[in-house]
Amino acid sequence: MELTVLSGKGGTGKTTIVAALSELAGDIVKVDCDVDAPNLYMFYNGKDIEESEFIGGKKAVVDNSVCIKCGKCESVCRFGAVKNYSIDMFLCEGCGACKLICPQNAIKLIDEKAADAYITELDKGVISRAEMNIGSDGSGKLIAFLRRNAERYSEDEKLTIIDGSPGIGCAVISSITGSDAALVVTEPTKSGLEDLKRVTALSEHFEVFTMICINKYDINEDMTKKIEDFIYEKRLALVGKIPYDDTVMKAINELKPITFYKDSIAEKAIENMWHNIKNTIFRRI
(Lines give C-alpha, C1' and ligand atoms only; values in the text may rest on other atoms or scores of the structure.)
Protein backbone atom coordinates (compact mmCIF):
# COMPACT_ATOMS: atom_id res chain seq x y z
CA MET A 1 0.00 0.00 0.00
CA GLU A 2 1.25 3.47 -0.91
CA LEU A 3 0.38 6.68 0.93
CA THR A 4 1.60 9.88 -0.76
CA VAL A 5 1.88 13.04 1.35
CA LEU A 6 1.44 16.25 -0.65
CA SER A 7 1.12 19.99 -0.15
CA GLY A 8 0.14 22.85 -2.41
CA LYS A 9 3.34 24.70 -1.61
CA GLY A 10 6.54 24.31 0.36
CA GLY A 11 6.76 25.08 4.07
CA THR A 12 3.47 23.59 5.22
CA GLY A 13 5.17 20.94 7.37
CA LYS A 14 4.81 18.06 4.91
CA THR A 15 8.21 16.44 5.51
CA THR A 16 7.93 16.89 9.28
CA ILE A 17 4.62 15.02 9.16
CA VAL A 18 6.06 12.31 6.88
CA ALA A 19 8.89 11.69 9.37
CA ALA A 20 6.42 11.48 12.24
CA LEU A 21 4.01 9.15 10.44
CA SER A 22 6.92 6.95 9.39
CA GLU A 23 8.00 6.56 13.02
CA LEU A 24 4.47 5.71 14.09
CA ALA A 25 4.06 3.21 11.26
CA GLY A 26 7.28 1.36 12.14
CA ASP A 27 9.11 -0.82 9.61
CA ILE A 28 8.05 0.75 6.32
CA VAL A 29 9.51 1.90 3.02
CA LYS A 30 9.95 5.65 2.60
CA VAL A 31 10.42 7.45 -0.72
CA ASP A 32 11.62 11.05 -0.81
CA CYS A 33 10.08 12.31 -4.04
CA ASP A 34 10.64 15.95 -3.12
CA VAL A 35 13.79 15.75 -5.22
CA ASP A 36 14.38 19.51 -5.38
CA ALA A 37 14.76 19.57 -1.57
CA PRO A 38 15.34 15.96 -0.41
CA ASN A 39 15.73 16.33 3.35
CA LEU A 40 13.76 13.41 4.80
CA TYR A 41 16.96 11.35 5.24
CA MET A 42 18.37 14.05 7.53
CA PHE A 43 16.04 12.92 10.33
CA TYR A 44 17.82 9.55 10.49
CA ASN A 45 21.27 8.05 10.99
CA GLY A 46 21.11 5.75 7.99
CA LYS A 47 23.59 3.85 5.87
CA ASP A 48 23.58 3.96 2.06
CA ILE A 49 23.40 0.36 0.85
CA GLU A 50 22.80 1.05 -2.84
CA GLU A 51 23.89 3.82 -5.20
CA SER A 52 23.06 4.22 -8.88
CA GLU A 53 23.12 6.89 -11.54
CA PHE A 54 19.95 8.28 -13.02
CA ILE A 55 20.28 9.30 -16.67
CA GLY A 56 17.84 12.10 -17.26
CA GLY A 57 18.26 12.48 -20.99
CA LYS A 58 20.74 13.40 -23.72
CA LYS A 59 22.99 16.37 -24.37
CA ALA A 60 24.69 17.36 -27.59
CA VAL A 61 28.48 17.76 -27.82
CA VAL A 62 30.61 19.02 -30.72
CA ASP A 63 33.75 17.27 -31.94
CA ASN A 64 35.87 20.33 -32.80
CA SER A 65 38.35 18.25 -34.77
CA VAL A 66 35.61 17.51 -37.33
CA CYS A 67 33.48 20.68 -37.13
CA ILE A 68 33.83 22.98 -40.19
CA LYS A 69 32.02 25.88 -38.47
CA CYS A 70 29.22 26.08 -41.02
CA GLY A 71 26.77 27.39 -38.43
CA LYS A 72 23.89 25.13 -39.46
CA CYS A 73 23.56 23.76 -35.93
CA GLU A 74 23.06 27.24 -34.53
CA SER A 75 20.40 28.04 -37.11
CA VAL A 76 18.19 25.07 -36.15
CA CYS A 77 18.58 25.20 -32.35
CA ARG A 78 15.31 26.46 -30.87
CA PHE A 79 16.77 26.79 -27.37
CA GLY A 80 19.70 29.11 -28.06
CA ALA A 81 22.13 26.44 -26.85
CA VAL A 82 24.58 26.70 -29.77
CA LYS A 83 26.91 29.68 -29.67
CA ASN A 84 30.26 30.12 -31.41
CA TYR A 85 30.12 26.50 -32.65
CA SER A 86 29.92 25.09 -29.15
CA ILE A 87 26.96 23.90 -27.06
CA ASP A 88 25.83 25.26 -23.71
CA MET A 89 25.01 22.14 -21.72
CA PHE A 90 22.61 24.04 -19.44
CA LEU A 91 20.52 25.27 -22.38
CA CYS A 92 20.64 22.10 -24.50
CA GLU A 93 17.41 20.07 -24.39
CA GLY A 94 18.88 17.07 -26.21
CA CYS A 95 16.37 17.25 -29.09
CA GLY A 96 19.00 16.17 -31.65
CA ALA A 97 18.14 18.72 -34.38
CA CYS A 98 21.75 19.92 -34.51
CA LYS A 99 23.01 16.35 -34.91
CA LEU A 100 20.62 15.69 -37.79
CA ILE A 101 21.60 18.79 -39.76
CA CYS A 102 25.36 18.61 -39.24
CA PRO A 103 26.98 17.75 -42.62
CA GLN A 104 30.15 16.46 -40.95
CA ASN A 105 28.58 14.25 -38.26
CA ALA A 106 30.52 16.37 -35.80
CA ILE A 107 27.77 16.36 -33.18
CA LYS A 108 26.90 13.47 -30.90
CA LEU A 109 24.26 12.97 -28.25
CA ILE A 110 25.61 11.68 -24.97
CA ASP A 111 23.87 10.49 -21.80
CA GLU A 112 23.45 13.15 -19.13
CA LYS A 113 23.55 12.05 -15.50
CA ALA A 114 20.82 14.00 -13.73
CA ALA A 115 21.09 12.54 -10.24
CA ASP A 116 22.61 9.95 -7.94
CA ALA A 117 19.96 7.65 -6.49
CA TYR A 118 20.36 5.92 -3.12
CA ILE A 119 18.73 3.28 -0.99
CA THR A 120 19.45 4.27 2.61
CA GLU A 121 18.99 1.62 5.30
CA LEU A 122 17.55 2.79 8.63
CA ASP A 123 16.88 1.11 11.96
CA LYS A 124 13.35 0.65 10.66
CA GLY A 125 12.95 0.25 6.91
CA VAL A 126 14.67 2.12 4.08
CA ILE A 127 14.51 5.43 2.22
CA SER A 128 14.68 5.65 -1.56
CA ARG A 129 16.08 9.09 -2.38
CA ALA A 130 18.16 11.08 -4.85
CA GLU A 131 20.64 13.94 -4.98
CA MET A 132 20.32 15.88 -8.22
CA ASN A 133 23.18 17.42 -10.16
CA ILE A 134 23.36 21.20 -10.27
CA GLY A 135 21.04 22.50 -13.00
CA SER A 136 19.07 19.27 -13.34
CA ASP A 137 15.28 19.19 -13.28
CA GLY A 138 13.19 17.25 -10.77
CA SER A 139 11.48 15.35 -13.56
CA GLY A 140 8.67 12.85 -13.32
CA LYS A 141 11.02 10.22 -14.72
CA LEU A 142 13.31 10.56 -11.70
CA ILE A 143 10.32 10.23 -9.36
CA ALA A 144 9.21 7.07 -11.16
CA PHE A 145 12.78 5.72 -10.89
CA LEU A 146 12.81 6.27 -7.11
CA ARG A 147 9.45 4.58 -6.71
CA ARG A 148 10.61 1.56 -8.70
CA ASN A 149 13.71 1.35 -6.50
CA ALA A 150 11.48 1.34 -3.43
CA GLU A 151 9.18 -1.38 -4.78
CA ARG A 152 11.95 -3.95 -4.37
CA TYR A 153 11.76 -3.44 -0.60
CA SER A 154 7.98 -3.39 -0.22
CA GLU A 155 7.35 -7.12 -0.06
CA ASP A 156 4.47 -8.64 1.92
CA GLU A 157 2.24 -5.60 1.40
CA LYS A 158 4.60 -3.41 3.46
CA LEU A 159 3.40 0.19 3.72
CA THR A 160 5.19 2.77 1.58
CA ILE A 161 5.01 6.45 2.52
CA ILE A 162 5.98 8.90 -0.22
CA ASP A 163 7.11 12.43 0.58
CA GLY A 164 5.85 14.16 -2.56
CA SER A 165 6.93 17.42 -4.10
CA PRO A 166 4.91 20.55 -3.31
CA GLY A 167 2.66 22.01 -5.98
CA ILE A 168 0.84 20.30 -8.85
CA GLY A 169 3.62 19.89 -11.44
CA CYS A 170 5.07 16.90 -13.26
CA ALA A 171 6.93 15.61 -10.19
CA VAL A 172 3.71 15.65 -8.14
CA ILE A 173 1.79 13.82 -10.85
CA SER A 174 4.50 11.16 -10.95
CA SER A 175 4.41 10.91 -7.13
CA ILE A 176 0.67 10.42 -6.86
CA THR A 177 -0.12 8.27 -9.92
CA GLY A 178 -0.95 4.76 -8.83
CA SER A 179 -0.93 5.55 -5.10
CA ASP A 180 -3.63 4.05 -2.91
CA ALA A 181 -4.23 7.28 -0.99
CA ALA A 182 -2.99 10.84 -0.61
CA LEU A 183 -2.67 12.98 2.49
CA VAL A 184 -2.66 16.69 1.65
CA VAL A 185 -1.08 18.97 4.26
CA THR A 186 -2.43 22.50 4.22
CA GLU A 187 -2.30 25.56 6.45
CA PRO A 188 -4.98 28.12 7.40
CA THR A 189 -4.15 30.93 4.99
CA LYS A 190 -5.86 32.18 1.82
CA SER A 191 -3.04 30.80 -0.32
CA GLY A 192 -3.20 27.57 1.65
CA LEU A 193 -6.87 27.11 0.74
CA GLU A 194 -6.29 27.92 -2.95
CA ASP A 195 -3.32 25.53 -3.08
CA LEU A 196 -5.45 22.86 -1.40
CA LYS A 197 -8.11 23.26 -4.08
CA ARG A 198 -5.55 22.70 -6.84
CA VAL A 199 -3.97 19.65 -5.23
CA THR A 200 -7.30 18.00 -4.46
CA ALA A 201 -8.44 18.63 -8.05
CA LEU A 202 -5.29 16.87 -9.23
CA SER A 203 -5.80 13.85 -6.99
CA GLU A 204 -9.46 13.73 -7.98
CA HIS A 205 -8.44 13.68 -11.65
CA PHE A 206 -6.22 10.65 -11.02
CA GLU A 207 -8.91 9.03 -8.86
CA VAL A 208 -6.73 8.87 -5.75
CA PHE A 209 -8.55 8.79 -2.41
CA THR A 210 -7.65 12.03 -0.61
CA MET A 211 -7.37 12.87 3.09
CA ILE A 212 -6.65 16.33 4.52
CA CYS A 213 -4.48 17.53 7.40
CA ILE A 214 -4.69 21.16 8.57
CA ASN A 215 -1.36 22.07 10.12
CA LYS A 216 -1.13 24.92 12.65
CA TYR A 217 -4.91 25.16 12.47
CA ASP A 218 -5.14 27.44 15.51
CA ILE A 219 -3.14 30.35 14.08
CA ASN A 220 -6.15 31.44 12.00
CA GLU A 221 -9.35 29.69 13.02
CA ASP A 222 -11.50 31.70 10.58
CA MET A 223 -9.49 30.32 7.65
CA THR A 224 -9.53 26.87 9.24
CA LYS A 225 -13.33 27.04 9.21
CA LYS A 226 -13.29 27.96 5.49
CA ILE A 227 -10.97 25.03 4.77
CA GLU A 228 -13.26 22.71 6.74
CA ASP A 229 -16.24 23.99 4.73
CA PHE A 230 -14.39 23.20 1.50
CA ILE A 231 -13.50 19.72 2.77
CA TYR A 232 -17.14 19.07 3.69
CA GLU A 233 -18.38 20.39 0.35
CA LYS A 234 -15.96 18.15 -1.58
CA ARG A 235 -16.70 15.18 0.69
CA LEU A 236 -13.05 14.74 1.55
CA ALA A 237 -11.73 13.12 4.72
CA LEU A 238 -10.39 15.51 7.37
CA VAL A 239 -8.12 13.19 9.34
CA GLY A 240 -6.00 15.63 11.32
CA LYS A 241 -5.82 19.11 12.83
CA ILE A 242 -2.41 19.90 14.26
CA PRO A 243 -1.97 22.88 16.62
CA TYR A 244 0.94 25.29 16.47
CA ASP A 245 3.74 24.00 18.71
CA ASP A 246 7.22 25.49 19.28
CA THR A 247 8.48 21.96 19.95
CA VAL A 248 8.21 21.24 16.22
CA MET A 249 10.91 23.82 15.49
CA LYS A 250 13.05 22.32 18.23
CA ALA A 251 12.65 18.88 16.65
CA ILE A 252 13.63 20.22 13.23
CA ASN A 253 16.70 21.98 14.63
CA GLU A 254 17.74 18.77 16.38
CA LEU A 255 16.94 16.69 13.27
CA LYS A 256 14.59 14.36 15.11
CA PRO A 257 11.03 13.31 14.26
CA ILE A 258 8.50 15.08 16.47
CA THR A 259 7.45 11.67 17.83
CA PHE A 260 10.57 11.78 20.04
CA TYR A 261 8.95 14.58 22.08
CA LYS A 262 6.06 12.93 23.90
CA ASP A 263 5.06 16.12 25.72
CA SER A 264 4.46 17.89 22.41
CA ILE A 265 0.85 18.80 21.64
CA ALA A 266 1.65 18.50 17.93
CA GLU A 267 2.98 14.98 18.49
CA LYS A 268 -0.24 13.95 20.22
CA ALA A 269 -2.29 15.40 17.35
CA ILE A 270 -0.19 13.50 14.79
CA GLU A 271 -0.64 10.27 16.74
CA ASN A 272 -4.38 10.83 16.64
CA MET A 273 -4.17 11.59 12.91
CA TRP A 274 -2.26 8.36 12.26
CA HIS A 275 -5.03 6.46 14.06
CA ASN A 276 -7.61 8.20 11.83
CA ILE A 277 -5.59 7.51 8.68
CA LYS A 278 -5.38 3.80 9.44
CA ASN A 279 -9.10 3.58 10.20
CA THR A 280 -10.00 5.56 7.08
CA ILE A 281 -7.73 3.65 4.68
CA PHE A 282 -8.42 0.15 5.93
CA ARG A 283 -12.14 0.79 5.97
CA ARG A 284 -11.90 1.41 2.21
CA ILE A 285 -9.95 -1.78 1.44
# chains A, B, ... in the order shown; residues from 1 in each chain; ligands from 1
>>> closest_atom_pairs(of="stretch 98-193 of chain A", to="stretch 240-253 of chain A", cutoff="10 Å", atoms="only C-alpha atoms", output="Markdown table")
| residue | atom | partner | partner_atom | distance |
| --- | --- | --- | --- | --- |
| A:Leu183 | CA | A:Gly240 | CA | 9.8 |
| A:Val185 | CA | A:Gly240 | CA | 9.2 |
| A:Thr186 | CA | A:Lys241 | CA | 9.9 |
| A:Glu187 | CA | A:Ile242 | CA | 9.6 |
>>> write_last_selection(atoms="N, CA, C and O atoms", output="CSV table (one decimal), in the first residue's frame")
chain,number,residue,atom,x,y,z
A,183,LEU,N,-2.4,12.1,1.3
A,183,LEU,CA,-2.7,13.0,2.5
A,183,LEU,C,-2.1,14.4,2.1
A,183,LEU,O,-0.9,14.5,1.9
A,185,VAL,N,-1.3,18.1,3.1
A,185,VAL,CA,-1.1,19.0,4.3
A,185,VAL,C,-1.3,20.4,3.8
A,185,VAL,O,-0.7,20.9,2.9
A,186,THR,N,-2.2,21.1,4.5
A,186,THR,CA,-2.4,22.5,4.2
A,186,THR,C,-2.3,23.3,5.5
A,186,THR,O,-2.1,22.8,6.6
A,187,GLU,N,-2.4,24.6,5.3
A,187,GLU,CA,-2.3,25.6,6.5
A,187,GLU,C,-3.4,26.6,6.3
A,187,GLU,O,-3.9,26.9,5.2
>>> residues_around(residues="A:Pro38", least_positions_apart="3", cutoff="10 Å", atoms="only C-alpha atoms", output="JSON, numbers by chain")
{"A": [15, 31, 32, 33, 34, 35, 41, 42, 129, 130, 131, 132, 163, 164, 165]}
>>> select_by_dssp(residues="stretch 60-214 of chain A", states="strand (DSSP E)", output="PyMOL selection string")
chain A and resi 60-62+82-83+86-87+107-121+126-132+160-163+181-186+209-214
>>> residues_around(residues="A:Gly192", least_positions_apart="5", cutoff="10 Å", atoms="only C-alpha atoms", output="number ranges by chain")
A: 7-9, 12, 185-187, 197, 214, 223-224, 227
>>> write_last_selection(atoms="N, CA, C and O atoms", output="short mmCIF file (atom, residue, chain, number, x, y, z; two decimals), in the first residue's frame")
data_model
loop_
_atom_site.label_atom_id
_atom_site.label_comp_id
_atom_site.auth_asym_id
_atom_site.auth_seq_id
_atom_site.Cartn_x
_atom_site.Cartn_y
_atom_site.Cartn_z
N SER A 7 1.50 18.65 -0.61
CA SER A 7 1.12 19.99 -0.15
C SER A 7 1.08 20.89 -1.36
O SER A 7 1.77 20.66 -2.36
N GLY A 8 0.26 21.94 -1.28
CA GLY A 8 0.14 22.85 -2.41
C GLY A 8 1.35 23.72 -2.61
O GLY A 8 1.61 24.22 -3.69
N LYS A 9 2.13 23.91 -1.53
CA LYS A 9 3.34 24.70 -1.61
C LYS A 9 4.33 24.21 -0.56
O LYS A 9 3.97 23.41 0.32
N THR A 12 4.68 23.87 4.46
CA THR A 12 3.47 23.59 5.22
C THR A 12 3.71 22.56 6.34
O THR A 12 2.82 22.32 7.15
N VAL A 185 -1.34 18.11 3.10
CA VAL A 185 -1.08 18.97 4.26
C VAL A 185 -1.28 20.41 3.84
O VAL A 185 -0.65 20.90 2.89
N THR A 186 -2.17 21.11 4.53
CA THR A 186 -2.43 22.50 4.22
C THR A 186 -2.30 23.33 5.47
O THR A 186 -2.10 22.80 6.57
N GLU A 187 -2.39 24.65 5.32
CA GLU A 187 -2.30 25.56 6.45
C GLU A 187 -3.39 26.61 6.32
O GLU A 187 -3.85 26.90 5.20
N LYS A 197 -7.13 23.50 -3.01
CA LYS A 197 -8.11 23.26 -4.08
C LYS A 197 -7.43 22.68 -5.31
O LYS A 197 -7.95 21.76 -5.96
N ILE A 214 -4.88 19.72 8.41
CA ILE A 214 -4.69 21.16 8.57
C ILE A 214 -3.62 21.37 9.63
O ILE A 214 -3.84 21.10 10.82
N MET A 223 -9.89 31.00 8.88
CA MET A 223 -9.49 30.32 7.65
C MET A 223 -9.61 28.81 7.81
O MET A 223 -9.96 28.10 6.85
N THR A 224 -9.34 28.30 8.99
CA THR A 224 -9.53 26.87 9.24
C THR A 224 -10.98 26.47 8.98
O THR A 224 -11.25 25.43 8.37
N ILE A 227 -11.56 26.27 5.31
CA ILE A 227 -10.97 25.03 4.77
C ILE A 227 -11.86 23.83 5.11
O ILE A 227 -12.10 22.96 4.27
#
>>> closest_atom_pairs(of="stretch 45-86 of chain A", to="stretch 121-124 of chain A", cutoff="10 Å", atoms="only C-alpha atoms", output="JSON lines")
{"residue": "A:Asn45", "atom": "CA", "partner": "A:Leu122", "partner_atom": "CA", "distance": 6.9}
{"residue": "A:Gly46", "atom": "CA", "partner": "A:Leu122", "partner_atom": "CA", "distance": 4.7}
{"residue": "A:Lys47", "atom": "CA", "partner": "A:Glu121", "partner_atom": "CA", "distance": 5.1}
{"residue": "A:Asp48", "atom": "CA", "partner": "A:Glu121", "partner_atom": "CA", "distance": 6.1}
{"residue": "A:Ile49", "atom": "CA", "partner": "A:Glu121", "partner_atom": "CA", "distance": 6.4}
{"residue": "A:Glu50", "atom": "CA", "partner": "A:Glu121", "partner_atom": "CA", "distance": 9.0}
>>> write_last_selection(atoms="N, CA and C atoms", output="PDB file, in the first residue's frame")
ATOM      1  N   ASN A  45      19.877   8.464  11.145  1.00  0.00           N
ATOM      2  CA  ASN A  45      21.267   8.051  10.990  1.00  0.00           C
ATOM      3  C   ASN A  45      21.273   6.758  10.174  1.00  0.00           C
ATOM      4  N   GLY A  46      21.210   6.908   8.877  1.00  0.00           N
ATOM      5  CA  GLY A  46      21.113   5.754   7.992  1.00  0.00           C
ATOM      6  C   GLY A  46      22.421   5.423   7.307  1.00  0.00           C
ATOM      7  N   LYS A  47      22.427   4.307   6.608  1.00  0.00           N
ATOM      8  CA  LYS A  47      23.594   3.850   5.865  1.00  0.00           C
ATOM      9  C   LYS A  47      23.175   3.572   4.422  1.00  0.00           C
ATOM     10  N   ASP A  48      23.880   4.187   3.474  1.00  0.00           N
ATOM     11  CA  ASP A  48      23.585   3.960   2.056  1.00  0.00           C
ATOM     12  C   ASP A  48      24.030   2.552   1.666  1.00  0.00           C
ATOM     13  N   ILE A  49      23.072   1.740   1.236  1.00  0.00           N
ATOM     14  CA  ILE A  49      23.395   0.358   0.853  1.00  0.00           C
ATOM     15  C   ILE A  49      23.351   0.146  -0.655  1.00  0.00           C
ATOM     16  N   GLU A  50      22.805   1.106  -1.384  1.00  0.00           N
ATOM     17  CA  GLU A  50      22.799   1.051  -2.843  1.00  0.00           C
ATOM     18  C   GLU A  50      23.004   2.455  -3.396  1.00  0.00           C
TER      19      GLU A  50
END
>>> residues_around(residues="A:Val76", least_positions_apart="2", cutoff="7 Å", atoms="only C-alpha atoms", output="number ranges by chain")
A: 72-74, 78, 97-98
>>> write_last_selection(atoms="N, CA and C atoms", output="PDB file, in the first residue's frame")
ATOM      1  N   LYS A  72      25.227  25.695 -39.279  1.00  0.00           N
ATOM      2  CA  LYS A  72      23.888  25.126 -39.463  1.00  0.00           C
ATOM      3  C   LYS A  72      23.262  24.697 -38.137  1.00  0.00           C
ATOM      4  N   CYS A  73      24.084  24.202 -37.230  1.00  0.00           N
ATOM      5  CA  CYS A  73      23.557  23.758 -35.934  1.00  0.00           C
ATOM      6  C   CYS A  73      22.934  24.920 -35.173  1.00  0.00           C
ATOM      7  N   GLU A  74      23.581  26.067 -35.228  1.00  0.00           N
ATOM      8  CA  GLU A  74      23.060  27.239 -34.528  1.00  0.00           C
ATOM      9  C   GLU A  74      21.743  27.706 -35.128  1.00  0.00           C
ATOM     10  N   ARG A  78      16.415  25.630 -31.334  1.00  0.00           N
ATOM     11  CA  ARG A  78      15.306  26.457 -30.865  1.00  0.00           C
ATOM     12  C   ARG A  78      15.516  26.939 -29.431  1.00  0.00           C
ATOM     13  N   ALA A  97      18.270  18.025 -33.090  1.00  0.00           N
ATOM     14  CA  ALA A  97      18.139  18.720 -34.376  1.00  0.00           C
ATOM     15  C   ALA A  97      19.510  19.090 -34.936  1.00  0.00           C
ATOM     16  N   CYS A  98      20.411  19.536 -34.062  1.00  0.00           N
ATOM     17  CA  CYS A  98      21.751  19.922 -34.513  1.00  0.00           C
ATOM     18  C   CYS A  98      22.519  18.717 -35.063  1.00  0.00           C
TER      19      CYS A  98
END
>>> select_by_dssp(residues="stretch 64-182 of chain A", states="alpha helix (DSSP H)", output="tab-separated table (two decimals) with N, CA, C and O atoms, in the first residue's frame")
chain	number	residue	atom	x	y	z
A	72	LYS	N	25.23	25.69	-39.28
A	72	LYS	CA	23.89	25.13	-39.46
A	72	LYS	C	23.26	24.70	-38.14
A	72	LYS	O	22.06	24.81	-37.94
A	73	CYS	N	24.08	24.20	-37.23
A	73	CYS	CA	23.56	23.76	-35.93
A	73	CYS	C	22.93	24.92	-35.17
A	73	CYS	O	21.87	24.79	-34.56
A	74	GLU	N	23.58	26.07	-35.23
A	74	GLU	CA	23.06	27.24	-34.53
A	74	GLU	C	21.74	27.71	-35.13
A	74	GLU	O	20.85	28.16	-34.42
A	75	SER	N	21.60	27.56	-36.43
A	75	SER	CA	20.40	28.04	-37.11
A	75	SER	C	19.17	27.20	-36.78
A	75	SER	O	18.04	27.70	-36.87
A	76	VAL	N	19.35	25.93	-36.41
A	76	VAL	CA	18.19	25.07	-36.15
A	76	VAL	C	17.90	24.92	-34.65
A	76	VAL	O	16.85	24.39	-34.27
A	97	ALA	N	18.27	18.02	-33.09
A	97	ALA	CA	18.14	18.72	-34.38
A	97	ALA	C	19.51	19.09	-34.94
A	97	ALA	O	19.76	18.96	-36.14
A	98	CYS	N	20.41	19.54	-34.06
A	98	CYS	CA	21.75	19.92	-34.51
A	98	CYS	C	22.52	18.72	-35.06
A	98	CYS	O	23.26	18.82	-36.05
A	99	LYS	N	22.34	17.57	-34.45
A	99	LYS	CA	23.01	16.35	-34.91
A	99	LYS	C	22.52	15.94	-36.30
A	99	LYS	O	23.30	15.53	-37.16
A	100	LEU	N	21.20	16.09	-36.51
A	100	LEU	CA	20.62	15.69	-37.79
A	100	LEU	C	21.08	16.57	-38.94
A	100	LEU	O	21.28	16.09	-40.06
A	101	ILE	N	21.28	17.87	-38.67
A	101	ILE	CA	21.60	18.79	-39.76
A	101	ILE	C	23.09	18.91	-40.03
A	101	ILE	O	23.51	19.40	-41.08
A	140	GLY	N	9.52	13.98	-13.68
A	140	GLY	CA	8.67	12.85	-13.32
A	140	GLY	C	9.38	11.53	-13.52
A	140	GLY	O	9.09	10.55	-12.81
A	141	LYS	N	10.30	11.47	-14.48
A	141	LYS	CA	11.02	10.22	-14.72
A	141	LYS	C	11.89	9.85	-13.52
A	141	LYS	O	12.02	8.66	-13.18
A	142	LEU	N	12.50	10.84	-12.88
A	142	LEU	CA	13.31	10.56	-11.70
A	142	LEU	C	12.43	10.07	-10.56
A	142	LEU	O	12.80	9.13	-9.83
A	143	ILE	N	11.25	10.67	-10.39
A	143	ILE	CA	10.32	10.23	-9.36
A	143	ILE	C	9.92	8.78	-9.59
A	143	ILE	O	9.91	7.95	-8.65
A	144	ALA	N	9.60	8.44	-10.83
A	144	ALA	CA	9.21	7.07	-11.16
A	144	ALA	C	10.36	6.10	-10.87
A	144	ALA	O	10.14	4.97	-10.40
A	145	PHE	N	11.59	6.53	-11.16
A	145	PHE	CA	12.78	5.72	-10.89
A	145	PHE	C	12.92	5.43	-9.39
A	145	PHE	O	13.18	4.30	-8.98
A	146	LEU	N	12.71	6.45	-8.57
A	146	LEU	CA	12.81	6.27	-7.11
A	146	LEU	C	11.72	5.35	-6.59
A	146	LEU	O	11.96	4.52	-5.69
A	147	ARG	N	10.54	5.46	-7.15
A	147	ARG	CA	9.45	4.58	-6.71
A	147	ARG	C	9.70	3.13	-7.11
A	147	ARG	O	9.41	2.21	-6.34
A	148	ARG	N	10.26	2.93	-8.29
A	148	ARG	CA	10.61	1.56	-8.70
A	148	ARG	C	11.69	0.98	-7.80
A	148	ARG	O	11.66	-0.21	-7.46
A	149	ASN	N	12.67	1.81	-7.43
A	149	ASN	CA	13.71	1.35	-6.50
A	149	ASN	C	13.09	0.89	-5.19
A	149	ASN	O	13.49	-0.12	-4.61
A	150	ALA	N	12.10	1.65	-4.72
A	150	ALA	CA	11.48	1.34	-3.43
A	150	ALA	C	10.64	0.07	-3.49
A	150	ALA	O	10.52	-0.66	-2.49
A	151	GLU	N	10.07	-0.22	-4.65
A	151	GLU	CA	9.18	-1.38	-4.78
A	151	GLU	C	9.90	-2.68	-4.44
A	151	GLU	O	9.27	-3.64	-3.98
A	170	CYS	N	4.76	18.23	-12.75
A	170	CYS	CA	5.07	16.90	-13.26
A	170	CYS	C	5.55	15.96	-12.16
A	170	CYS	O	5.15	14.79	-12.11
A	171	ALA	N	6.41	16.46	-11.27
A	171	ALA	CA	6.93	15.61	-10.19
A	171	ALA	C	5.82	15.15	-9.26
A	171	ALA	O	5.83	14.02	-8.76
A	172	VAL	N	4.83	16.02	-9.01
A	172	VAL	CA	3.71	15.65	-8.14
A	172	VAL	C	2.84	14.60	-8.82
A	172	VAL	O	2.40	13.62	-8.19
A	173	ILE	N	2.59	14.79	-10.10
A	173	ILE	CA	1.79	13.82	-10.85
A	173	ILE	C	2.46	12.45	-10.82
A	173	ILE	O	1.80	11.42	-10.60
A	174	SER	N	3.78	12.43	-10.99
A	174	SER	CA	4.50	11.16	-10.95
A	174	SER	C	4.49	10.56	-9.55
A	174	SER	O	4.51	9.33	-9.39
A	175	SER	N	4.44	11.40	-8.51
A	175	SER	CA	4.41	10.91	-7.13
A	175	SER	C	3.08	10.28	-6.77
A	175	SER	O	3.02	9.30	-6.03
A	176	ILE	N	2.00	10.83	-7.30
A	176	ILE	CA	0.67	10.42	-6.86
A	176	ILE	C	0.06	9.33	-7.74
A	176	ILE	O	-0.79	8.55	-7.28
>>> closest_residue(among="A:Asp180, A:Asp263, A:Glu51, A:Glu207", to="A:Met1", atoms="only C-alpha atoms")
A:Asp180
>>> atom_distance(atom1="atom CA of A:Lys216", atom2="atom CA of A:Gly13")
9.1 Å
>>> residues_around(residues="stretch 85-94 of chain A", least_positions_apart="3", cutoff="10 Å", atoms="only C-alpha atoms", output="PyMOL selection string")
chain A and resi 57-64+67-74+77-82+97-99+107-112+134-136
>>> atom_distance(atom1="atom CA of A:Ala182", atom2="atom CA of A:Val5")
5.7 Å
>>> atom_distance(atom1="atom CA of A:Ser22", atom2="atom CA of A:Leu6")
14.7 Å
